[in-house]
Structure formats: C-alpha cells, structure tokens
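These notes concern the structure reproduced below.
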Amino acid sequence: MKVVAIVGSIRKESYNKQLANFIQKRYTEKFELEVLNLRDLPMYDQDIENEAPQAVLDFKAKVKAADAVLWVTPEYNGTVPGVMVNAIDWLSRVDKVMVGKPSFIMGASMGNLGTVKAQLHLRDILFSPGINSPLLGGNDVYIGAVHTKFDAEGKLTDEGTVQFLDQVIENFLYWMPKYA
C-alpha cells in the first residue's frame with residue numbers, strides 16, 4: 001500500500017515532520033510512506049488552475065497515485081497552517097484527486113492539547129465537496145508536549161505514544177481496504 005504524508009509545516013526541524021518521518025521508518029514493512037514537500041507549491045490561483053505549474057502537477061500526481069493520505073498538522077493560531085490549506089486548495093480543484101481517497105490525521109505540538117483545534121478544522125475541510133475524503137474516525141492522534149517525546153535524532157522515544165501509534169496504524173490498515 002502506498003500512502004503520502006502531507007505535513008502542514010515546512011520548518012526544517014518541525015516536530016510534525018519528525019512524526020511523519022518516524023511513521024515512515026517504523027511502519028516500512030506495513031506500507032510505503034512518502035512525505036511530500038509543500039515548500040515548492042505556489043499559492044493557489046484560480047487564474048492558472050487549468051495550466052498549473054509543474055510543482056502542482058507533480059504534487060497532485062503523487063496524491064492521485066497514493067492509496068491514502070496521512071495529514072500531519074501543527075496548529076497555528078488555533079487552526080490548520082496556511083501551507084496545508086494551500087495544498088488542499090490545489091487538490092480540490094480541476095481533477096479533484098482527493099475525492100474518495102481515504103485519509104487519517106495526526107498532529108503534534110508543544111502545548112498540552114496537541115493539535116485538537118487544527119484537527120477539528122481539518123476534518124471539516126476534508127468533508128468539503130472538492131475533497132470528500134473518507135476519514136478514519138475514533139483514532140485521534142493529538143501529541144502534546146511533543147518536545148519531551150522526541151530525542152535529538154528525531155526518534156519518538158515516549159513508549160506510551162509509540163504504543164498508541166501502533167494501535168492507530170493497525171486500525172487504519174484494517175479500515176483502509178474498504179475504501180481502496
């Protein structure tokens with residue numbers, strides 16, 4: 001199974017990017033995960049959506065070819081980061097490559113609540129007509145105090161969090177074939 005991860009932070013040392021990289025390494029025997037780069041996506045512009053830049057075409061092709069999407073979102077000002085919304089805008093237009101594609105969501109922050117507000121907003125967005133992505137429910141991954149759970153090499157060291165992720169990944173792998 002091929003999964004792409006869309007991480008809502010372009011910061012080099014992003015905890016959410018570290019989370020996606022951890023998942024990529026830990027579950028390599030269960031599925032192939034490619035962490036997509038949002039840094040090169042231009043701002044969505046309806047004037048050029050039918051003749052989108054190559055970076056957009058490549059991004060959309062990778063999402064279209066994937067069996068599922070893992071959304072890994074930080075929380076900026078109580079919501080989804082702009083780079084993630086921009087990616088969603090591109091995905092929701094013209095060929096609408098997300099329609100019917102299964103998704104699951106995770107997020108990490110230094111605060112105690114993880115990314116609860118951002119994930120609530122992201123769920124609403126994923127159900128919008130241009131996206132309409134089935135979403136694994138009841139497996140919410142809100143990693144709070146993330147700065148205490150990764151080591152200097154970017155490895156998730158909090159055993160309780162790792163065990164919880166193991167269960168969520170198993171739940172996703174059980175649920176996902178219903179939509180593929």
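Residue numbering restarts at 1 in every chain; chains get A, B, ... in the order shown in the structure tokens, and ligands count up from 1 in that same order.
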Sort by chain and increasing residue number a table of all residues of region 37-112 of chain A within 8 Å of region 6-21 of chain A, each with its closest pair of atoms and their distance in Å to one decimal, counting only C-alpha atoms, and write it as a Markdown table.
```
| residue | atom | partner | partner_atom | distance |
| --- | --- | --- | --- | --- |
| A:Asn37 | CA | A:Ile6 | CA | 7.6 |
| A:Leu38 | CA | A:Ile10 | CA | 6.8 |
| A:Arg39 | CA | A:Ile10 | CA | 6.0 |
| A:Val69 | CA | A:Ile6 | CA | 7.2 |
| A:Leu70 | CA | A:Ile6 | CA | 6.3 |
| A:Trp71 | CA | A:Ile6 | CA | 5.0 |
| A:Val72 | CA | A:Val7 | CA | 4.7 |
| A:Thr73 | CA | A:Gly8 | CA | 4.8 |
| A:Pro74 | CA | A:Gly8 | CA | 6.2 |
| A:Val80 | CA | A:Gly8 | CA | 7.5 |
| A:Pro81 | CA | A:Gly8 | CA | 5.8 |
| A:Gly82 | CA | A:Gly8 | CA | 7.8 |
| A:Val83 | CA | A:Gly8 | CA | 6.0 |
| A:Met84 | CA | A:Gly8 | CA | 4.8 |
| A:Gly107 | CA | A:Asn16 | CA | 6.3 |
| A:Ala108 | CA | A:Asn16 | CA | 5.8 |
| A:Ser109 | CA | A:Tyr15 | CA | 7.4 |
```
> So what do you get for CA of Leu33 (chain A) versus CA of Tyr76 (chain A), distance-wise?
Replying inline: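 For CA of Leu33 (chain A) relative to CA of Tyr76 (chain A), the distance reads 24.9 Å.
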Sorted by chain and rising residue number, list the residues of region 59-145 of chain A at most 10 Å from region 46-54 of chain A (counting only C-alpha atoms), each with its closest atom pair and distance in Å to one decimal, as CSV.
```
residue,atom,partner,partner_atom,distance
A:Phe59,CA,A:Gln54,CA,8.4
A:Lys60,CA,A:Gln54,CA,9.8
A:Asp89,CA,A:Gln46,CA,9.6
A:Trp90,CA,A:Glu49,CA,7.7
A:Arg93,CA,A:Glu49,CA,7.3
A:Val94,CA,A:Asn50,CA,6.8
A:Asp95,CA,A:Asn50,CA,9.4
```
Neighbour list for Trp175 (chain A) as a short mmCIF file (atom, residue, chain, number, x, y, z; two decimals) with N, CA and C atoms, in the first residue's frame, cut-off 12 Å, only C-alpha atoms, skip fewer than 3 positions in-chain:
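Final file, part-v7.cif:
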```cif
data_model
loop_
_atom_site.label_atom_id
_atom_site.label_comp_id
_atom_site.auth_asym_id
_atom_site.auth_seq_id
_atom_site.Cartn_x
_atom_site.Cartn_y
_atom_site.Cartn_z
N ALA A 68 -3.82 6.26 0.03
CA ALA A 68 -4.36 7.02 1.15
C ALA A 68 -3.45 8.20 1.45
N PRO A 102 -9.06 7.72 0.97
CA PRO A 102 -9.06 7.63 2.43
C PRO A 102 -7.95 8.48 3.07
N SER A 103 -8.28 9.02 4.23
CA SER A 103 -7.36 9.87 4.98
C SER A 103 -7.33 9.50 6.45
N PHE A 104 -6.24 9.84 7.09
CA PHE A 104 -6.19 9.84 8.54
C PHE A 104 -5.32 11.01 8.98
N PRO A 134 -12.99 10.04 2.68
CA PRO A 134 -13.36 9.23 3.84
C PRO A 134 -12.27 9.34 4.90
N LEU A 135 -12.67 9.41 6.14
CA LEU A 135 -11.72 9.70 7.21
C LEU A 135 -11.84 8.67 8.31
N LEU A 136 -10.71 8.10 8.71
CA LEU A 136 -10.69 7.17 9.83
C LEU A 136 -11.07 7.93 11.09
N GLY A 137 -12.18 7.57 11.67
CA GLY A 137 -12.65 8.24 12.88
C GLY A 137 -12.29 7.46 14.13
N GLY A 138 -12.36 8.11 15.27
CA GLY A 138 -12.15 7.46 16.54
C GLY A 138 -10.71 7.06 16.82
N ASN A 139 -9.79 7.55 16.04
CA ASN A 139 -8.37 7.23 16.22
C ASN A 139 -7.57 8.53 16.23
N VAL A 168 -3.20 2.73 16.34
CA VAL A 168 -3.87 3.55 15.32
C VAL A 168 -3.50 3.07 13.92
N ILE A 169 -2.24 2.77 13.69
CA ILE A 169 -1.81 2.28 12.38
C ILE A 169 -2.50 0.96 12.06
N GLU A 170 -2.58 0.05 13.03
CA GLU A 170 -3.28 -1.22 12.80
C GLU A 170 -4.75 -0.97 12.47
N ASN A 171 -5.38 -0.05 13.19
CA ASN A 171 -6.78 0.29 12.91
C ASN A 171 -6.95 0.85 11.50
N PHE A 172 -6.01 1.70 11.11
CA PHE A 172 -6.08 2.27 9.76
C PHE A 172 -5.92 1.18 8.70
N LYS A 178 -11.46 -0.97 2.77
CA LYS A 178 -12.88 -0.76 2.48
C LYS A 178 -13.08 0.39 1.49
N TYR A 179 -12.07 1.27 1.38
CA TYR A 179 -12.20 2.45 0.54
C TYR A 179 -11.25 2.44 -0.65
N ALA A 180 -10.34 1.51 -0.68
CA ALA A 180 -9.34 1.48 -1.77
C ALA A 180 -9.93 0.96 -3.06
#
```
>> My list of candidates is A:Asp45, A:Ile23, A:Asn86, A:Gly78. Which is closest to Gly154 (chain A) when distances are computed with only C-alpha atoms?
In response: A:Ile23
> Out of A:Lys155, A:Ala65, A:Asp140, A:Ile131, which residue has the shortest atom-to-atom distance to Gln24 (chain A) when counting only C-alpha atoms?
Replying inline: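 Selected residue with least distance to Gln24 (chain A): A:Lys155.
Closest approach to His121 (chain A) among A:Asn77, A:Asp151, A:Val162, A:Ala145 is made by A:Asn77 (distances from only C-alpha atoms).
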Mind checking DSSP for region 12-114 of chain A and telling me the strand (DSSP E) residues as a compact mmCIF listing (two decimals) with all heavy atoms, in the first residue's frame?
```txt
# COMPACT_ATOMS: atom_id res chain seq x y z
N GLU A 32 4.22 1.75 2.29
CA GLU A 32 5.21 2.70 1.79
C GLU A 32 4.67 4.11 2.05
O GLU A 32 3.56 4.43 1.64
CB GLU A 32 5.43 2.48 0.30
CG GLU A 32 6.38 3.46 -0.33
CD GLU A 32 6.45 3.30 -1.84
OE1 GLU A 32 5.96 2.29 -2.37
OE2 GLU A 32 6.99 4.22 -2.48
N LEU A 33 5.45 4.93 2.71
CA LEU A 33 5.04 6.30 3.01
C LEU A 33 6.02 7.27 2.38
O LEU A 33 7.22 7.19 2.62
CB LEU A 33 4.98 6.55 4.52
CG LEU A 33 4.58 7.96 4.94
CD1 LEU A 33 3.13 8.25 4.57
CD2 LEU A 33 4.80 8.17 6.43
N GLU A 34 5.49 8.19 1.59
CA GLU A 34 6.29 9.27 1.04
C GLU A 34 5.83 10.57 1.67
O GLU A 34 4.64 10.92 1.61
CB GLU A 34 6.15 9.36 -0.48
CG GLU A 34 6.98 10.48 -1.08
CD GLU A 34 6.86 10.59 -2.60
OE1 GLU A 34 6.13 9.80 -3.21
OE2 GLU A 34 7.52 11.50 -3.15
N VAL A 35 6.76 11.29 2.27
CA VAL A 35 6.46 12.58 2.88
C VAL A 35 6.62 13.64 1.80
O VAL A 35 7.72 13.85 1.29
CB VAL A 35 7.38 12.87 4.09
CG1 VAL A 35 7.05 14.22 4.70
CG2 VAL A 35 7.27 11.74 5.12
N LEU A 36 5.52 14.27 1.44
CA LEU A 36 5.54 15.26 0.35
C LEU A 36 6.06 16.60 0.85
O LEU A 36 5.87 16.98 2.00
CB LEU A 36 4.14 15.41 -0.25
CG LEU A 36 3.52 14.14 -0.82
CD1 LEU A 36 2.16 14.44 -1.42
CD2 LEU A 36 4.42 13.49 -1.85
N ALA A 68 -3.82 6.26 0.03
CA ALA A 68 -4.36 7.02 1.15
C ALA A 68 -3.45 8.20 1.45
O ALA A 68 -2.32 8.26 0.98
CB ALA A 68 -4.47 6.12 2.39
N VAL A 69 -3.98 9.12 2.27
CA VAL A 69 -3.22 10.31 2.67
C VAL A 69 -3.20 10.40 4.19
O VAL A 69 -4.23 10.28 4.85
CB VAL A 69 -3.85 11.60 2.08
CG1 VAL A 69 -3.12 12.84 2.59
CG2 VAL A 69 -3.84 11.56 0.57
N LEU A 70 -2.00 10.60 4.71
CA LEU A 70 -1.80 10.90 6.13
C LEU A 70 -1.58 12.41 6.24
O LEU A 70 -0.63 12.94 5.65
CB LEU A 70 -0.59 10.15 6.67
CG LEU A 70 -0.07 10.58 8.05
CD1 LEU A 70 -1.15 10.41 9.12
CD2 LEU A 70 1.19 9.81 8.41
N TRP A 71 -2.44 13.08 6.96
CA TRP A 71 -2.33 14.52 7.20
C TRP A 71 -1.68 14.69 8.57
O TRP A 71 -2.19 14.18 9.57
CB TRP A 71 -3.70 15.17 7.19
CG TRP A 71 -4.44 14.98 5.90
CD1 TRP A 71 -5.25 13.94 5.56
CD2 TRP A 71 -4.41 15.85 4.77
NE1 TRP A 71 -5.72 14.12 4.28
CE2 TRP A 71 -5.23 15.28 3.78
CE3 TRP A 71 -3.77 17.05 4.50
CZ2 TRP A 71 -5.43 15.86 2.54
CZ3 TRP A 71 -3.98 17.65 3.27
CH2 TRP A 71 -4.80 17.06 2.30
N VAL A 72 -0.56 15.39 8.62
CA VAL A 72 0.14 15.63 9.88
C VAL A 72 0.19 17.14 10.07
O VAL A 72 0.93 17.84 9.38
CB VAL A 72 1.56 15.02 9.86
CG1 VAL A 72 2.20 15.14 11.23
CG2 VAL A 72 1.52 13.56 9.41
N SER A 103 -8.28 9.02 4.23
CA SER A 103 -7.36 9.87 4.98
C SER A 103 -7.33 9.50 6.45
O SER A 103 -8.31 8.96 6.97
CB SER A 103 -7.79 11.34 4.89
OG SER A 103 -7.61 11.89 3.63
N PHE A 104 -6.24 9.84 7.09
CA PHE A 104 -6.19 9.84 8.54
C PHE A 104 -5.32 11.01 8.98
O PHE A 104 -4.51 11.51 8.20
CB PHE A 104 -5.79 8.50 9.15
CG PHE A 104 -4.45 7.93 8.80
CD1 PHE A 104 -3.55 7.57 9.80
CD2 PHE A 104 -4.09 7.65 7.49
CE1 PHE A 104 -2.33 6.98 9.50
CE2 PHE A 104 -2.88 7.07 7.18
CZ PHE A 104 -1.99 6.74 8.19
N ILE A 105 -5.55 11.47 10.21
CA ILE A 105 -4.96 12.72 10.68
C ILE A 105 -4.17 12.50 11.96
O ILE A 105 -4.59 11.73 12.83
CB ILE A 105 -6.06 13.77 10.98
CG1 ILE A 105 -6.93 14.02 9.75
CG2 ILE A 105 -5.44 15.07 11.47
CD1 ILE A 105 -8.12 14.92 10.04
N MET A 106 -3.05 13.21 12.07
CA MET A 106 -2.25 13.26 13.29
C MET A 106 -1.74 14.67 13.46
O MET A 106 -1.74 15.46 12.51
CB MET A 106 -1.05 12.32 13.20
CG MET A 106 -1.38 10.89 13.05
SD MET A 106 0.10 9.90 12.95
CE MET A 106 -0.67 8.30 12.76
N GLY A 107 -1.25 14.97 14.63
CA GLY A 107 -0.62 16.25 14.84
C GLY A 107 0.09 16.31 16.18
O GLY A 107 -0.26 15.58 17.11
N ALA A 108 1.08 17.17 16.25
CA ALA A 108 1.88 17.31 17.46
C ALA A 108 2.16 18.78 17.73
O ALA A 108 2.34 19.56 16.79
CB ALA A 108 3.19 16.55 17.30
```
>> Residues within 10 Å of Ser92 (chain A), please, as a list in words. Count only C-alpha atoms; anything in the same chain fewer than 5 positions from it doesn't count.
In response: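 In the requested format, the answer is Lys60, Asn86, Ala87, Val97, Met98, Val99, Leu126, Ser128, Pro129, Gly130, Ile131 and Asn132 of chain A.
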> Which neighbours of Lys117 (chain A) fall inside 6 Å, counting only C-alpha atoms, when residues of the same chain fewer than 2 positions from it are skipped, and could you give them as JSON, numbers by chain?
Replying inline: {"A": [78, 79, 115, 119, 120]}
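Closest approach to Gln167 (chain A) from the set A:His147, A:Asp58, A:Val141, A:Arg123 is made by A:Val141, with distances taken over only C-alpha atoms.
If only C-alpha atoms are the atoms counted, then among A:Leu122, A:Met176, A:Val85, A:Val4 the closest residue to Leu41 (chain A) is A:Val85.
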> Tell me, which residues of chain A carry DSSP helix (DSSP H, G or I), written as JSON, numbers by chain?
Replying inline: {"A": [15, 16, 17, 18, 19, 20, 21, 22, 23, 24, 25, 26, 46, 47, 48, 49, 50, 51, 54, 55, 56, 57, 58, 59, 60, 61, 62, 63, 64, 65, 82, 83, 84, 85, 86, 87, 88, 89, 90, 91, 116, 117, 118, 119, 120, 121, 122, 123, 124, 125, 126, 146, 147, 148, 159, 160, 161, 162, 163, 164, 165, 166, 167, 168, 169, 170, 171, 172, 173, 174, 175, 176, 177, 178]}
> What is the distance between CA of Gly144 (chain A) and CA of Asp40 (chain A), in Å to one decimal?
Replying inline: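 Result for CA of Gly144 (chain A) versus CA of Asp40 (chain A): 28.6 Å, one decimal.
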